[in-house]
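All remarks here apply to the structure that follows.
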Amino acid sequence: MLKLPIYLDNNATTPMDPRVLEAMTPYFLQHFGNAASRNHPFGWEAEEAVDYAREQVAKLIGADPKEIIFTSGATEGDNLGIKGVYEMYASKGNHIITATTEHKAVLDTCRHIEKSGGEVTYLQVQPDGLIDLKELEAAIKPTTILIAIMYANNEIGVVMPIKEISAIARKHGVLLFTDGTQAVGKIPVDVNKDGIDLMAFTAHKMYGPKGVGALYVRRKNPRVKVTAQMDGGGHERGMRSGTLNVPGIVGFGKACEICMLDMEEDSKRISKMRDHLQTELLKLEEAYVNGSSEYRLPHVANISFKHVEGEGLLMGFNKNIALSSGSACTSASLEPSYVLKALGLGDDLAHSSLRFGLSRFTTEEEIEYTIKAISETVLKLREMSPLWEMYKEGIDLDSIVWAAH
Amino acid sequence: MKHKSKIYNHKSKIIIMAYSEKVIDHYQNPKNVGTLDKSAKNVGTGLVGAPECGDVMRLQIEVDDAGMITDAKFKTFGCGSAIASSSLATEWLKGKSVDEALTIDNMDIVEELNLPPVKIHCSVLAEDAIKSAINDYRVKNGMEAIKFEESVVH
């Protein structure tokens, strides 16, 4: 039975898996102890639960449990990973290399570092969303201490060549930090096979609770350390103080375990639905997929519908279907998506984009409904669009001098 | 800040929407979508905005010999508020004289549609479109284009 509204904005957040909630519940009312209380069973129970969750999280990414630092989420992980390395390795250098399509949590952290006197290089991406490896290598200098490139992009779902980036980083003795938020739990991520030194990720993008995440910090080959950004009782090996969110961590662990078990099957099923959605929507004239089709997450599609504006498009069905748009009108800043612009998309295509993020709970029925609703709305809005009329008449819109307001 | 207003769906459940009912109505049932012959002498066409801004409005008026606007059509590339602003504009234009049409102010549109502050620029663009269409008509008919004061916005 089709239930409305349909949720297809899973890059923003995901519903919790009921199994995760079940695992968490005892830790609110019964086993509510502080995991750092060493002297009584309440604390021992909580610590045991945390240790177990730490193992579950580590297993998902091929790490050692000692390499997992629990945080409040990926934004904190991005801050801790980047600022933590910058401060810890200050004697080695102060140059960081990142990309223009990174999440704001990374970009803003880098701006903060620039203000404190650090140097940051923001690599441009190619039209398919991938960075140029030669450019990356050319940007490395003796003062470079960190490369920060996301594993997969939240807007277009493009997966970066992390293994290749790691090879370059290792060659020059530079650490590699990656924001793994959109990739962990969805595609196989292994910190050793992929050569990652630090990685931030979060529970709420993989059917876990909000408010808890982790930073992976490598202990061997090489041993990496970060300067704590949260000072206090010395929790998490002195790298992140603060009472642990035990129920959240338990949920996070459970979510990771489920992802590990269900990943292969889930991603086959989900990518089939995503491909079907994409194929059908691309049948509409002047519809374009943004970002590499080859190197992409199995559940994401970012599609622009030319000559139709994103917010106007969403209004046609956002009571019933939850989606995001790259349009300026949908952002708090009234600027169109900087990721789409970095791909070289004209503003008009950035304004016309919709981002689809499917989940393990998405059904084929929901996809059929979505295809129909979006197709109808696109056609209706094109009837109302002066740009569509002009395009149909053969007018080259790029040649017009607009009386911009 | 989003403008919220409560509307009831068919199950009488309250839904908090980010748009006013009037904006939604114009979006779902837009008035006067279409195209007039822009080469005709009695048709004035205003094309304002830019694709980069996410807002392009084309407003057209058809004027009779007595200077009365007998028909108005619009097409808009933009958000719900932009569509509603231009749809409303065509409704207001029909039956007015060209001179009366000049008195339509963007704040009238804001009030009528309950536009929140972040959407006021949509109404300004609609006002620009009206003035642009009128000037096009004037120039075609041997009159000078009116120089309008720069609208104060943002």
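Each chain in the structure tokens gets a letter, A, B and so on, in the order shown; residues start at 1 in every chain, and ligands are counted from 1 in the order they appear.
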
8 Å contact set for stretch 54-56 of chain B, only C-alpha atoms, chain neighbours under 5 positions out, as a ChimeraX atom specification: /A:309,327-329,347-348,351,386-387 /B:47-49,76-79,82,122

Writing out the chosen residues with C-alpha atoms as a PDB file, in the first residue's frame:
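Dumped everything to selection_28.pdb:
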```pdb
ATOM      1  CA  GLU A 309      12.900  25.934 -12.009  1.00  0.00           C
ATOM      2  CA  SER A 327      17.886  25.733  -6.860  1.00  0.00           C
ATOM      3  CA  ALA A 328      18.762  28.965  -5.143  1.00  0.00           C
ATOM      4  CA  CYS A 329      15.220  29.389  -3.936  1.00  0.00           C
ATOM      5  CA  ASP A 347      23.073  28.608 -13.253  1.00  0.00           C
ATOM      6  CA  ASP A 348      19.919  27.742 -15.141  1.00  0.00           C
ATOM      7  CA  HIS A 351      18.307  25.992 -10.627  1.00  0.00           C
ATOM      8  CA  PRO A 386       9.018  31.222 -21.540  1.00  0.00           C
ATOM      9  CA  LEU A 387      12.444  29.578 -21.777  1.00  0.00           C
TER      10      LEU A 387
ATOM     11  CA  LEU B  47      10.707  39.879 -20.740  1.00  0.00           C
ATOM     12  CA  VAL B  48      12.523  40.354 -17.453  1.00  0.00           C
ATOM     13  CA  GLY B  49      14.827  38.438 -15.177  1.00  0.00           C
ATOM     14  CA  THR B  76       7.318  32.236 -16.062  1.00  0.00           C
ATOM     15  CA  PHE B  77      10.439  30.237 -15.244  1.00  0.00           C
ATOM     16  CA  GLY B  78      10.673  30.460 -11.471  1.00  0.00           C
ATOM     17  CA  CYS B  79       9.457  29.308  -8.093  1.00  0.00           C
ATOM     18  CA  ALA B  82       7.228  33.965  -9.043  1.00  0.00           C
ATOM     19  CA  CYS B 122       9.346  37.938  -7.139  1.00  0.00           C
TER      20      CYS B 122
END
```

Shell of 12 Å around B:Asn106, only C-alpha atoms, local chain residues under 5 positions omitted, as a PyMOL selection string: chain B and resi 82+85-86+88-89+101+111-115+119-131+151-153

Requested write-out: N, CA and C atoms of the selected residues, as an mmCIF file, in the first residue's frame:
```
data_model
loop_
_atom_site.group_PDB
_atom_site.id
_atom_site.type_symbol
_atom_site.label_atom_id
_atom_site.label_comp_id
_atom_site.auth_asym_id
_atom_site.auth_seq_id
_atom_site.Cartn_x
_atom_site.Cartn_y
_atom_site.Cartn_z
ATOM 1 N N ALA B 82 7.034 33.220 -7.793
ATOM 2 C CA ALA B 82 7.228 33.965 -9.043
ATOM 3 C C ALA B 82 6.071 33.689 -9.999
ATOM 4 N N SER B 85 3.010 35.493 -8.702
ATOM 5 C CA SER B 85 3.083 36.949 -8.891
ATOM 6 C C SER B 85 2.739 37.333 -10.318
ATOM 7 N N SER B 86 3.258 36.599 -11.278
ATOM 8 C CA SER B 86 2.997 36.961 -12.674
ATOM 9 C C SER B 86 1.582 36.572 -13.082
ATOM 10 N N LEU B 88 -1.026 36.564 -11.105
ATOM 11 C CA LEU B 88 -1.863 37.598 -10.495
ATOM 12 C C LEU B 88 -1.795 38.881 -11.303
ATOM 13 N N ALA B 89 -0.593 39.218 -11.763
ATOM 14 C CA ALA B 89 -0.416 40.441 -12.542
ATOM 15 C C ALA B 89 -1.314 40.427 -13.775
ATOM 16 N N ALA B 101 -2.612 50.668 -15.377
ATOM 17 C CA ALA B 101 -1.710 49.538 -15.146
ATOM 18 C C ALA B 101 -0.387 49.976 -14.549
ATOM 19 N N GLU B 111 1.042 41.871 -0.669
ATOM 20 C CA GLU B 111 -0.091 41.784 0.269
ATOM 21 C C GLU B 111 -1.115 40.760 -0.173
ATOM 22 N N GLU B 112 -1.447 40.798 -1.452
ATOM 23 C CA GLU B 112 -2.485 39.913 -1.960
ATOM 24 C C GLU B 112 -2.086 38.449 -1.821
ATOM 25 N N LEU B 113 -0.797 38.155 -2.034
ATOM 26 C CA LEU B 113 -0.336 36.760 -2.008
ATOM 27 C C LEU B 113 0.287 36.365 -0.673
ATOM 28 N N ASN B 114 0.367 37.332 0.266
ATOM 29 C CA ASN B 114 1.035 37.047 1.551
ATOM 30 C C ASN B 114 2.465 36.555 1.355
ATOM 31 N N LEU B 115 3.209 37.206 0.476
ATOM 32 C CA LEU B 115 4.582 36.774 0.221
ATOM 33 C C LEU B 115 5.477 37.083 1.411
ATOM 34 N N LYS B 119 10.606 36.372 -0.531
ATOM 35 C CA LYS B 119 10.006 36.255 -1.867
ATOM 36 C C LYS B 119 9.545 37.583 -2.444
ATOM 37 N N ILE B 120 9.837 38.653 -1.752
ATOM 38 C CA ILE B 120 9.384 39.956 -2.240
ATOM 39 C C ILE B 120 9.960 40.263 -3.618
ATOM 40 N N HIS B 121 11.184 39.779 -3.858
ATOM 41 C CA HIS B 121 11.796 40.096 -5.152
ATOM 42 C C HIS B 121 10.993 39.533 -6.329
ATOM 43 N N CYS B 122 10.190 38.486 -6.069
ATOM 44 C CA CYS B 122 9.346 37.938 -7.139
ATOM 45 C C CYS B 122 8.297 38.969 -7.553
ATOM 46 N N SER B 123 7.762 39.669 -6.570
ATOM 47 C CA SER B 123 6.740 40.667 -6.878
ATOM 48 C C SER B 123 7.359 41.871 -7.597
ATOM 49 N N VAL B 124 8.589 42.186 -7.225
ATOM 50 C CA VAL B 124 9.289 43.301 -7.877
ATOM 51 C C VAL B 124 9.505 42.975 -9.348
ATOM 52 N N LEU B 125 9.870 41.720 -9.601
ATOM 53 C CA LEU B 125 10.095 41.307 -10.986
ATOM 54 C C LEU B 125 8.795 41.388 -11.782
ATOM 55 N N ALA B 126 7.679 41.032 -11.140
ATOM 56 C CA ALA B 126 6.385 41.099 -11.825
ATOM 57 C C ALA B 126 6.049 42.543 -12.179
ATOM 58 N N GLU B 127 6.331 43.441 -11.239
ATOM 59 C CA GLU B 127 6.084 44.861 -11.512
ATOM 60 C C GLU B 127 6.960 45.322 -12.673
ATOM 61 N N ASP B 128 8.213 44.879 -12.668
ATOM 62 C CA ASP B 128 9.128 45.212 -13.772
ATOM 63 C C ASP B 128 8.580 44.704 -15.093
ATOM 64 N N ALA B 129 8.015 43.499 -15.057
ATOM 65 C CA ALA B 129 7.496 42.891 -16.279
ATOM 66 C C ALA B 129 6.341 43.714 -16.834
ATOM 67 N N ILE B 130 5.471 44.187 -15.933
ATOM 68 C CA ILE B 130 4.337 45.016 -16.360
ATOM 69 C C ILE B 130 4.850 46.275 -17.044
ATOM 70 N N LYS B 131 5.797 46.945 -16.374
ATOM 71 C CA LYS B 131 6.300 48.204 -16.914
ATOM 72 C C LYS B 131 7.027 47.986 -18.235
ATOM 73 N N SER B 151 13.744 50.575 -8.743
ATOM 74 C CA SER B 151 12.983 50.131 -7.563
ATOM 75 C C SER B 151 13.943 49.798 -6.440
ATOM 76 N N VAL B 152 13.588 50.248 -5.242
ATOM 77 C CA VAL B 152 14.437 49.977 -4.076
ATOM 78 C C VAL B 152 14.114 48.573 -3.570
ATOM 79 N N VAL B 153 15.101 47.736 -3.585
ATOM 80 C CA VAL B 153 14.828 46.345 -3.187
ATOM 81 C C VAL B 153 16.032 45.774 -2.464
#
```

Distance filter 9 Å, only C-alpha atoms, chain A against chain B, as a PyMOL selection string: chain A and resi 307-316+319+327-329+334-336+346-352+381-389+401-405

Distance query A:Glu55 at most 9 Å, only C-alpha atoms, self and fewer than 6 positions along chain excluded, as a list of chain:residue names: A:Ala63, A:Asp64, A:Pro65, A:Lys66, A:Ile68, A:Gly253

Nearby residues (only C-alpha atoms) at most 12 Å from stretch 21-27 of chain A, same-chain spacing under 4 positions excluded, as number ranges by chain: A: 15-17, 31-35, 42-43, 45-50, 53, 207-210, 245-255, 257-258
